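*Asks:* Following this line is upload_34.txt, made up of compact mmCIF, C-alpha atoms:
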# COMPACT_ATOMS: atom_id res chain seq x y z
CA MET A 1 26.85 -40.90 56.97
CA SER A 2 23.25 -41.63 55.90
CA TRP A 3 22.19 -42.05 52.27
CA ILE A 4 20.24 -38.77 52.28
CA ARG A 5 23.40 -36.90 53.32
CA TRP A 6 25.32 -38.58 50.49
CA ILE A 7 22.67 -37.41 48.02
CA GLY A 8 22.85 -33.87 49.45
CA LEU A 9 26.65 -33.92 49.17
CA PHE A 10 26.48 -35.09 45.55
CA ILE A 11 23.93 -32.41 44.56
CA GLY A 12 25.94 -29.71 46.35
CA ILE A 13 29.19 -30.65 44.60
CA LEU A 14 27.32 -30.84 41.27
CA GLY A 15 25.93 -27.35 41.87
CA LEU A 16 29.39 -25.96 42.63
CA PHE A 17 30.81 -27.59 39.49
CA TRP A 18 27.98 -26.15 37.38
CA CYS A 19 28.58 -22.75 38.99
CA VAL A 20 32.29 -22.68 38.09
CA ARG A 21 31.79 -24.10 34.59
CA GLY A 22 28.88 -21.76 33.90
CA ARG A 23 30.99 -18.70 34.68
CA MET A 24 33.95 -19.98 32.65
CA THR A 25 31.74 -20.53 29.60
CA ARG A 26 29.71 -17.34 30.31
CA ARG A 27 26.48 -19.30 30.34
CA LEU A 28 25.65 -17.97 33.81
CA SER A 29 25.48 -14.35 34.87
CA ARG A 30 27.37 -13.23 37.95
CA GLY A 31 24.18 -13.15 40.01
CA GLU A 32 23.13 -16.62 38.88
CA ALA A 33 26.57 -18.01 39.69
CA ILE A 34 26.53 -16.48 43.18
CA LEU A 35 23.04 -17.88 43.86
CA LEU A 36 24.02 -21.33 42.65
CA GLY A 37 27.38 -21.28 44.46
CA VAL A 38 25.87 -20.30 47.81
CA GLY A 39 23.24 -23.03 47.47
CA GLY A 40 25.86 -25.62 46.57
CA MET A 41 28.14 -24.71 49.47
CA PHE A 42 25.22 -24.83 51.90
CA LEU A 43 24.23 -28.32 50.75
CA VAL A 44 27.81 -29.57 51.07
CA ALA A 45 28.13 -28.05 54.55
CA VAL A 46 24.86 -29.56 55.78
CA ALA A 47 25.71 -32.97 54.32
CA LEU A 48 29.11 -33.05 56.02
CA GLU A 49 27.97 -31.55 59.31
CA PRO A 50 24.18 -31.23 59.91
CA SER A 51 24.76 -29.23 63.10
CA VAL A 52 25.55 -26.13 61.03
CA VAL A 53 21.80 -25.40 60.94
CA ASP A 54 21.48 -25.44 64.74
CA PRO A 55 21.95 -21.65 65.09
CA ILE A 56 18.98 -21.04 62.76
CA LEU A 57 16.56 -23.68 64.10
CA VAL A 58 13.02 -22.54 63.31
CA PHE A 59 11.25 -24.80 65.75
CA LYS A 60 13.17 -25.90 68.82
CA GLN A 61 10.98 -28.94 69.36
CA THR A 62 11.19 -30.48 65.90
CA GLY A 63 14.74 -29.29 65.26
CA ARG A 64 16.77 -29.78 62.14
CA ILE A 65 14.26 -31.66 59.99
CA VAL A 66 11.65 -28.88 59.89
CA THR A 67 14.33 -26.21 59.44
CA LEU A 68 15.87 -28.10 56.52
CA LEU A 69 12.44 -28.65 54.97
CA ILE A 70 11.71 -24.92 55.09
CA ILE A 71 15.11 -24.11 53.65
CA GLY A 72 14.54 -26.76 50.98
CA GLU A 73 11.20 -25.19 50.01
CA MET A 74 12.87 -21.79 49.73
CA ALA A 75 15.62 -23.31 47.58
CA LEU A 76 13.01 -25.00 45.36
CA LEU A 77 11.20 -21.69 44.86
CA GLY A 78 14.51 -20.04 44.03
CA GLY A 79 15.25 -22.81 41.53
CA ILE A 80 11.88 -22.33 39.84
CA ILE A 81 12.50 -18.59 39.55
CA PHE A 82 15.99 -19.27 38.23
CA LEU A 83 14.68 -21.68 35.59
CA GLY A 84 11.95 -19.23 34.62
CA ILE A 85 14.55 -16.52 34.00
CA ARG A 86 16.68 -18.91 31.95
CA VAL A 87 13.72 -20.05 29.84
CA GLY A 88 12.73 -16.42 29.30
CA ARG A 89 16.22 -15.65 27.99
CA ILE A 90 16.15 -18.62 25.65
CA GLU A 91 12.73 -17.56 24.33
CA GLU A 92 14.01 -14.02 23.81
CA ARG A 93 17.03 -15.25 21.86
CA LEU A 94 14.87 -17.54 19.74
CA GLY A 95 12.46 -14.69 19.11
CA ASN A 96 15.30 -12.41 18.02
CA LEU A 97 16.56 -15.11 15.66
CA ILE A 98 13.14 -15.52 14.04
CA HIS A 99 12.76 -11.72 13.83
CA ASN A 100 16.15 -11.21 12.19
CA MET A 101 15.58 -14.04 9.72
CA ALA A 102 12.25 -12.49 8.69
CA LEU A 103 13.89 -9.09 8.10
CA ARG A 104 16.77 -10.67 6.20
CA ASP A 105 14.41 -12.55 3.90
CA PHE A 106 12.34 -9.42 3.33
CA THR A 107 15.44 -7.44 2.36
CA ARG A 108 16.55 -10.12 -0.08
CA GLU A 109 13.18 -10.24 -1.81
CA PHE A 110 11.79 -6.71 -1.54
CA GLY A 111 14.70 -4.52 -0.45
CA GLU A 112 15.19 -2.71 -3.76
CA ARG A 113 11.54 -1.77 -4.25
CA ALA A 114 10.60 -1.15 -0.62
CA ASP A 115 10.66 2.65 -0.65
CA PHE A 116 8.11 4.10 1.76
CA THR A 117 9.56 7.62 1.88
CA ARG A 118 6.86 10.19 2.73
CA LYS A 119 4.19 7.51 2.54
CA ILE A 120 1.61 6.01 4.84
CA LEU A 121 2.50 2.39 5.56
CA ILE A 122 -0.30 0.01 6.53
CA ILE A 123 0.98 -2.94 8.60
CA ILE A 124 -1.36 -5.92 8.90
CA PRO A 125 -0.31 -8.84 11.14
CA ALA A 126 -1.88 -12.05 9.86
CA TYR A 127 -2.02 -15.59 11.22
CA ASN A 128 -4.19 -18.02 9.22
CA GLU A 129 -6.46 -15.28 7.85
CA ALA A 130 -6.39 -16.12 4.13
CA GLY A 131 -10.15 -15.80 3.65
CA ASN A 132 -10.58 -12.50 5.50
CA LEU A 133 -7.31 -10.98 4.31
CA ARG A 134 -8.27 -11.11 0.64
CA LYS A 135 -11.32 -8.92 1.34
CA VAL A 136 -9.35 -6.50 3.54
CA LEU A 137 -6.54 -5.95 1.03
CA GLY A 138 -9.03 -5.24 -1.75
CA ARG A 139 -10.42 -2.29 0.24
CA ILE A 140 -7.15 -0.52 1.14
CA PRO A 141 -7.11 2.97 -0.45
CA LYS A 142 -4.25 3.86 -2.80
CA LYS A 143 -4.00 7.41 -1.48
CA VAL A 144 -4.96 9.10 1.79
CA TRP A 145 -4.94 12.89 1.98
CA ASP A 146 -1.78 13.81 0.04
CA TYR A 147 0.07 10.60 0.89
CA GLU A 148 0.55 7.49 -1.18
CA VAL A 149 -0.31 4.31 0.69
CA GLU A 150 1.82 1.16 0.89
CA VAL A 151 0.97 -2.10 2.63
CA ILE A 152 3.08 -4.72 4.40
CA VAL A 153 1.51 -7.93 5.68
CA ALA A 154 3.37 -9.43 8.63
CA VAL A 155 2.67 -13.14 8.17
CA ASP A 156 3.06 -14.70 11.60
CA GLY A 157 3.82 -18.39 11.09
CA ALA A 158 0.64 -18.99 9.08
CA THR A 159 -0.10 -22.56 8.03
CA ASP A 160 -2.86 -21.73 5.54
CA ASP A 161 -2.76 -19.70 2.27
CA THR A 162 -2.20 -16.33 3.96
CA GLU A 163 1.19 -15.75 2.33
CA ARG A 164 -0.09 -16.82 -1.09
CA VAL A 165 -2.99 -14.34 -0.83
CA VAL A 166 -0.53 -11.54 -0.07
CA ARG A 167 1.50 -12.39 -3.15
CA GLU A 168 -1.65 -12.39 -5.29
CA PHE A 169 -1.98 -8.69 -4.49
CA ASP A 170 1.75 -8.10 -5.21
CA ILE A 171 2.18 -6.78 -1.67
CA PRO A 172 5.42 -7.21 0.32
CA ALA A 173 5.25 -9.74 3.13
CA VAL A 174 7.56 -10.05 6.11
CA VAL A 175 7.27 -13.65 7.28
CA ASN A 176 7.92 -15.07 10.74
CA GLN A 177 8.46 -18.79 10.18
CA VAL A 178 7.06 -19.52 13.65
CA ASN A 179 3.84 -18.13 15.12
CA ARG A 180 4.87 -15.70 17.85
CA GLY A 181 1.92 -13.34 18.24
CA GLY A 182 0.64 -10.07 16.83
CA GLY A 183 3.06 -7.94 18.84
CA ALA A 184 6.09 -9.74 17.42
CA ALA A 185 4.69 -9.52 13.89
CA LEU A 186 4.09 -5.79 14.24
CA ARG A 187 7.62 -5.17 15.53
CA ALA A 188 9.00 -6.55 12.27
CA GLY A 189 6.75 -4.17 10.37
CA TYR A 190 7.75 -1.23 12.59
CA GLU A 191 11.43 -1.84 11.95
CA LEU A 192 10.85 -1.93 8.20
CA ALA A 193 8.87 1.32 8.41
CA LEU A 194 11.82 2.99 10.15
CA ARG A 195 14.37 1.51 7.74
CA HIS A 196 12.52 2.50 4.59
CA GLY A 197 11.39 6.00 5.48
CA ALA A 198 7.63 5.75 6.02
CA GLU A 199 6.11 8.90 7.51
CA ILE A 200 3.01 7.45 9.15
CA VAL A 201 2.30 3.86 10.20
CA VAL A 202 -1.22 2.48 10.43
CA THR A 203 -1.89 -0.91 12.01
CA MET A 204 -5.07 -2.91 11.55
CA ASP A 205 -6.27 -6.48 11.96
CA ALA A 206 -6.53 -8.99 9.13
CA ASP A 207 -9.87 -10.43 10.23
CA GLY A 208 -12.06 -7.74 8.66
CA GLN A 209 -13.17 -6.13 11.93
CA HIS A 210 -11.50 -2.81 11.08
CA GLN A 211 -12.72 -0.72 8.18
CA PRO A 212 -10.03 0.42 5.68
CA GLU A 213 -12.36 3.22 4.58
CA GLU A 214 -11.79 4.85 7.99
CA ILE A 215 -8.02 5.19 7.55
CA PRO A 216 -8.34 8.89 6.51
CA THR A 217 -10.17 9.62 9.78
CA LEU A 218 -7.54 7.74 11.76
CA VAL A 219 -4.51 9.58 10.32
CA GLU A 220 -6.06 13.07 10.11
CA PRO A 221 -4.86 14.29 13.55
CA ILE A 222 -1.29 13.29 12.62
CA VAL A 223 -1.50 14.89 9.18
CA ARG A 224 -2.73 18.11 10.81
CA GLY A 225 0.10 18.02 13.37
CA GLU A 226 -2.25 17.55 16.32
CA ALA A 227 -1.07 14.13 17.52
CA ASP A 228 1.76 11.60 17.39
CA LEU A 229 -0.40 8.56 18.18
CA VAL A 230 -4.05 8.15 17.25
CA ASN A 231 -6.12 5.28 18.57
CA GLY A 232 -9.38 4.20 16.99
CA SER A 233 -12.16 3.85 19.55
CA ARG A 234 -15.25 1.72 19.07
CA VAL A 235 -16.61 3.30 22.27
CA LEU A 236 -16.60 6.73 20.66
CA GLY A 237 -17.81 5.16 17.40
CA ARG A 238 -19.80 1.96 17.16
CA GLN A 239 -19.35 -1.79 17.34
CA GLU A 240 -21.19 -5.03 16.96
CA LYS A 241 -21.56 -6.44 20.46
CA GLY A 242 -19.47 -9.45 21.38
CA ASP A 243 -18.83 -11.58 24.48
CA LEU A 244 -20.24 -9.85 27.59
CA ALA A 245 -17.40 -10.97 29.90
CA ARG A 246 -14.76 -9.69 27.51
CA GLN A 247 -16.60 -6.39 27.11
CA ALA A 248 -16.66 -5.99 30.88
CA GLY A 249 -12.94 -6.74 31.03
CA ILE A 250 -12.18 -4.07 28.44
CA VAL A 251 -14.17 -1.51 30.48
CA PHE A 252 -12.09 -2.42 33.55
CA PHE A 253 -8.76 -2.12 31.69
CA ASN A 254 -9.82 1.20 30.17
CA LEU A 255 -10.48 2.54 33.67
CA LEU A 256 -7.21 1.12 34.97
CA LEU A 257 -5.15 2.70 32.18
CA SER A 258 -7.02 5.99 32.52
CA VAL A 259 -5.96 6.12 36.18
CA LEU A 260 -2.36 5.04 35.51
CA LEU A 261 -1.84 7.40 32.56
CA ARG A 262 -3.98 10.22 34.01
CA ARG A 263 -5.98 10.69 30.85
CA ARG A 264 -9.14 9.19 29.40
CA ILE A 265 -8.62 5.89 27.55
CA THR A 266 -11.78 4.48 25.99
CA ASP A 267 -10.55 1.50 23.91
CA CYS A 268 -7.19 0.15 25.08
CA SER A 269 -7.50 -3.21 23.31
CA ASN A 270 -8.11 -1.83 19.81
CA ALA A 271 -5.21 -2.35 17.37
CA PHE A 272 -6.57 0.01 14.69
CA ARG A 273 -4.24 2.96 15.24
CA ALA A 274 -1.86 5.36 13.54
CA ILE A 275 1.51 6.64 14.74
CA ARG A 276 4.14 9.00 13.42
CA THR A 277 6.90 6.63 12.31
CA GLU A 278 9.76 8.49 13.94
CA CYS A 279 8.10 7.94 17.34
CA LEU A 280 8.53 4.17 17.03
CA ALA A 281 12.27 4.52 17.55
CA TYR A 282 11.66 5.67 21.14
CA LEU A 283 9.34 2.84 22.17
CA ASN A 284 10.58 -0.22 24.06
CA LEU A 285 8.18 -2.89 22.80
CA LYS A 286 8.53 -6.46 24.06
CA GLU A 287 5.08 -8.06 24.22
CA GLU A 288 4.51 -10.96 21.84
CA GLN A 289 0.73 -11.13 22.06
CA PHE A 290 -0.81 -8.59 24.45
CA HIS A 291 0.71 -5.61 22.70
CA THR A 292 -2.07 -3.03 22.39
CA THR A 293 -1.85 -1.75 25.96
CA GLU A 294 1.96 -1.85 25.90
CA LEU A 295 2.21 0.64 23.04
CA LEU A 296 -0.28 3.02 24.70
CA ILE A 297 1.61 3.03 28.00
CA GLU A 298 5.00 3.41 26.31
CA ALA A 299 3.90 6.27 24.03
CA ILE A 300 1.90 8.29 26.55
CA SER A 301 4.50 7.81 29.32
CA LYS A 302 7.14 9.20 26.99
CA GLY A 303 5.11 12.35 26.39
CA MET A 304 3.80 11.63 22.91
CA ARG A 305 0.65 13.50 21.92
CA TYR A 306 -2.30 11.13 22.02
CA LYS A 307 -5.76 11.35 20.55
CA GLU A 308 -8.71 9.03 20.01
CA VAL A 309 -11.09 9.07 17.05
CA PRO A 310 -14.37 7.20 16.58
CA ILE A 311 -14.21 4.11 14.39
CA THR A 312 -16.43 1.13 13.57
CA VAL A 313 -15.62 -2.42 14.64
CA THR A 314 -17.61 -5.30 13.17
CA ARG A 315 -17.48 -9.01 13.85
CA ARG A 316 -14.96 -11.11 11.94
CA GLN A 317 -16.30 -12.38 8.63
CA MET A 318 -15.02 -15.96 8.86
CA GLY A 319 -12.71 -18.19 10.87
CA GLU A 320 -12.06 -18.24 14.61
CA SER A 321 -10.55 -15.57 16.81
CA LYS A 322 -6.86 -16.05 17.60
CA LYS A 323 -7.24 -14.44 21.02
CA PRO A 324 -7.07 -16.70 24.10
CA LYS A 325 -10.11 -17.59 26.17
CA THR A 326 -11.58 -14.81 28.30
CA LEU A 327 -9.78 -15.59 31.58
CA ARG A 328 -6.39 -16.12 29.98
CA TYR A 329 -6.88 -13.03 27.82
CA GLY A 330 -7.69 -10.89 30.84
CA THR A 331 -4.73 -12.24 32.80
CA GLY A 332 -2.42 -11.63 29.84
CA VAL A 333 -3.57 -8.03 29.41
CA LEU A 334 -3.19 -7.37 33.13
CA MET A 335 0.34 -8.79 33.16
CA ALA A 336 1.27 -6.73 30.08
CA ILE A 337 0.00 -3.57 31.75
CA ALA A 338 1.90 -4.33 34.96
CA LYS A 339 5.20 -5.17 33.23
CA THR A 340 5.07 -2.13 30.95
CA TRP A 341 4.05 0.25 33.71
CA LEU A 342 6.85 -0.93 36.01
CA ARG A 343 9.56 -0.45 33.42
CA THR A 344 8.46 2.99 32.13
Will you turn the file into structure tokens for me?
*Replies:*
Amino acid sequence: MSWIRWIGLFIGILGLFWCVRGRMTRRLSRGEAILLGVGGMFLVAVALEPSVVDPILVFKQTGRIVTLLIIGEMALLGGIIFLGIRVGRIEERLGNLIHNMALRDFTREFGERADFTRKILIIIPAYNEAGNLRKVLGRIPKKVWDYEVEVIVAVDGATDDTERVVREFDIPAVVNQVNRGGGAALRAGYELALRHGAEIVVTMDADGQHQPEEIPTLVEPIVRGEADLVNGSRVLGRQEKGDLARQAGIVFFNLLLSVLLRRRITDCSNAFRAIRTECLAYLNLKEEQFHTTELLIEAISKGMRYKEVPITVTRRQMGESKKPKTLRYGTGVLMAIAKTWLRT
């Protein structure tokens, strides 16, 4: 038996061993074990008797070698997909651990005084925004319509003085010890809003692009009972022009979502929005970073009343944008739309 057959036999037996052990320790799902077991048995069979592939020869002239190469490529692709699924599960578990630790620490420090009953809760995700955040927090109104206003800053693995700035204002902070993205930071805030009885949740950026003075306009349709989710729109309002390629991408995604959701969407990437807190319990939110389109698709697909109001978006005051470069940003938004649309 040639050396390459010995290697194939060894890998096949190793795969079968991993399959059995993985099921015994519950580290592999049933589907993963079946996939791995079939692959292992095939390798063992081919190593011991190469003629088993004769009935499925792809090219009669070149025979077994080409057939085995094609099968090997298919197995490699399957292995890559398998590893991708496994890595995704590990990332999800790690994310849940970080999330739960942040909520635990918040409860220990602020649990007794975190009472948001019948209040508007402003949630601000912040990653290395100490300079801008100080200016934003100083402009948050204490009361909107007949509601008292509370603020939570979701500090997302910041390495600057972001958390210290929050404490200067005596505002509760929920802190992810690792930077995970704005979507993950907001989910921690959403859970706290549900736990502590907030009536309306408003989300806004920490970079100073959103205007706290426009919060009354944003929440008015909810206060009047006309909407469950209100999205601020710079298209209906005004904005300081930014990168042309990114602006064109936003126009494209607005059109795409308008078609998918069968209603006009004018500013799908804007995170300045308000939602009735009880609605959050029905949303299946998973996106770490490209979260703005996910929430829109989830809410509208589940029949929640949606409205847009004009708002003003200015350029960030200082620091650099945390968003990826234009191409990666566009790809990320497109993938988020596709994944959310397929599961709703």
*Asks:* Nearest to Glu240 in chain A among A:Ile337, A:Leu103, A:Val313, A:Val144, with distances taken over all atoms listed in the file: which residue is it?
*Replies:*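 Using all atoms listed in the file, the shortest distance to Glu240 in chain A belongs to A:Val313.
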*Asks:* Which residue gives the smallest distance to Asn284 in chain A among A:Gly8, A:Gly183, A:Gly197, A:Gly332, with only C-alpha atoms counted?
*Replies:* A:Gly183
*Asks:* Mind listing whatever residues come within 12 Å of the point (-9.8, -13.0, 32.5)? Use only C-alpha atoms, file coordinates, and give them as a PyMOL selection string.
*Replies:* chain A and resi 244-250+252-253+323-335
*Asks:* Neighbours of Ala102 in chain A within 6 Å (only C-alpha atoms; same-chain residues fewer than 6 positions away dropped), as a short mmCIF file (atom, residue, chain, number, x, y, z; two decimals) with C-alpha atoms, keeping the file's coordinate frame?
*Replies:*
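Written out: around.cif:
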data_model
loop_
_atom_site.label_atom_id
_atom_site.label_comp_id
_atom_site.auth_asym_id
_atom_site.auth_seq_id
_atom_site.Cartn_x
_atom_site.Cartn_y
_atom_site.Cartn_z
CA VAL A 174 7.56 -10.05 6.11
CA VAL A 175 7.27 -13.65 7.28
CA ASN A 176 7.92 -15.07 10.74
#
*Asks:* Would you pick out the contacts of range 109-126 of chain A at 7 Å or less, using only C-alpha atoms, so that residues sharing its chain but fewer than 2 positions from it are not included, and give the list as a ChimeraX atom specification?
*Replies:* /A:105-107,128-129,147-156,172,182,185-186,189,196-206
*Asks:* Restricting the output to C-alpha atoms, write the selected residues as a JSON list (two decimals), keeping the file's coordinate frame.
*Replies:*
[["chain", "number", "residue", "atom", "x", "y", "z"],
["A", 105, "ASP", "CA", 14.41, -12.55, 3.90],
["A", 106, "PHE", "CA", 12.34, -9.42, 3.33],
["A", 107, "THR", "CA", 15.44, -7.44, 2.36],
["A", 128, "ASN", "CA", -4.19, -18.02, 9.22],
["A", 129, "GLU", "CA", -6.46, -15.28, 7.85],
["A", 147, "TYR", "CA", 0.07, 10.60, 0.89],
["A", 148, "GLU", "CA", 0.55, 7.49, -1.18],
["A", 149, "VAL", "CA", -0.31, 4.31, 0.69],
["A", 150, "GLU", "CA", 1.82, 1.16, 0.89],
["A", 151, "VAL", "CA", 0.97, -2.10, 2.63],
["A", 152, "ILE", "CA", 3.08, -4.72, 4.40],
["A", 153, "VAL", "CA", 1.51, -7.93, 5.68],
["A", 154, "ALA", "CA", 3.37, -9.43, 8.63],
["A", 155, "VAL", "CA", 2.67, -13.14, 8.17],
["A", 156, "ASP", "CA", 3.06, -14.70, 11.60],
["A", 172, "PRO", "CA", 5.42, -7.21, 0.32],
["A", 182, "GLY", "CA", 0.64, -10.07, 16.83],
["A", 185, "ALA", "CA", 4.69, -9.52, 13.89],
["A", 186, "LEU", "CA", 4.09, -5.79, 14.24],
["A", 189, "GLY", "CA", 6.75, -4.17, 10.37],
["A", 196, "HIS", "CA", 12.52, 2.50, 4.59],
["A", 197, "GLY", "CA", 11.39, 6.00, 5.48],
["A", 198, "ALA", "CA", 7.63, 5.75, 6.02],
["A", 199, "GLU", "CA", 6.11, 8.90, 7.51],
["A", 200, "ILE", "CA", 3.01, 7.45, 9.15],
["A", 201, "VAL", "CA", 2.30, 3.86, 10.20],
["A", 202, "VAL", "CA", -1.22, 2.48, 10.43],
["A", 203, "THR", "CA", -1.89, -0.91, 12.01],
["A", 204, "MET", "CA", -5.07, -2.91, 11.55],
["A", 205, "ASP", "CA", -6.27, -6.48, 11.96],
["A", 206, "ALA", "CA", -6.53, -8.99, 9.13]]
*Asks:* Within 9 Å of (-11.1, 4.8, 21.9) (coordinates as in the file), grab all the protein and nucleic acid residues, counting all atoms listed in the file, and write them out as JSON, numbers by chain.
*Replies:* {"A": [231, 232, 233, 234, 235, 236, 237, 264, 265, 266, 267, 268, 269, 270, 307, 308, 309, 310, 311]}
*Asks:* When you count only C-alpha atoms, which of these residues is closest to Val44 in chain A: A:Leu9, A:Cys279, A:Leu28, A:Leu218?
*Replies:*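 Distance minimum relative to Val44 in chain A lands on A:Leu9.
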*Asks:* Nearest residue to Ile7 in chain A out of A:Leu48, A:Leu35, A:Asp161, A:Ile215, using all atoms listed in the file?
*Replies:*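 Of A:Leu48, A:Leu35, A:Asp161, A:Ile215, the one nearest Ile7 in chain A, counting all atoms listed in the file, is A:Leu48.
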*Asks:* Calculate how many Å separate CA of Arg167 in chain A from CA of Ala130 in chain A, rounding to one decimal.
*Replies:*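 About the pair CA of Arg167 in chain A and CA of Ala130 in chain A: they are 11.4 Å apart.
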*Asks:* Using only C-alpha atoms for the distances, tell me which of A:Gly39, A:Gly303, A:Gly131, A:Pro141 is nearest to Val166 in chain A.
*Replies:*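 The answer is A:Gly131, which sits nearest to Val166 in chain A.
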*Asks:* Which neighbours of Leu280 in chain A fall inside 8 Å, counting all atoms listed in the file, when residues of the same chain fewer than 4 positions from it are skipped, and could you give them as a list in words?
*Replies:* Tyr190, Leu194, Ile275 and Arg276 of chain A
*Asks:* Interatomic distance between CA of Glu288 in chain A and CA of Gly157 in chain A?
*Replies:*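 Taking CA of Glu288 in chain A and CA of Gly157 in chain A, their separation equals 13.1 Å.
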*Asks:* Could you check how far CA of Gln177 in chain A sits from CA of Gln317 in chain A, in Å to one decimal?
*Replies:*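 Computing it gives 25.6 Å between the two atoms.
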*Asks:* From the set A:Thr277, A:Trp145, A:Ile222, A:Thr340, which residue has the shortest atom-to-atom contact distance to Leu260 in chain A, counting only C-alpha atoms?
*Replies:*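 Nearest to Leu260 in chain A: A:Thr340.
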*Asks:* Give me the residues near Gly31 in chain A as number ranges by chain, where near means some atom within 12 Å (using only C-alpha atoms) and where sequence neighbours in that chain fewer than 4 positions away do not count.
*Replies:* A: 19, 22-23, 26-27, 35-38, 82, 85
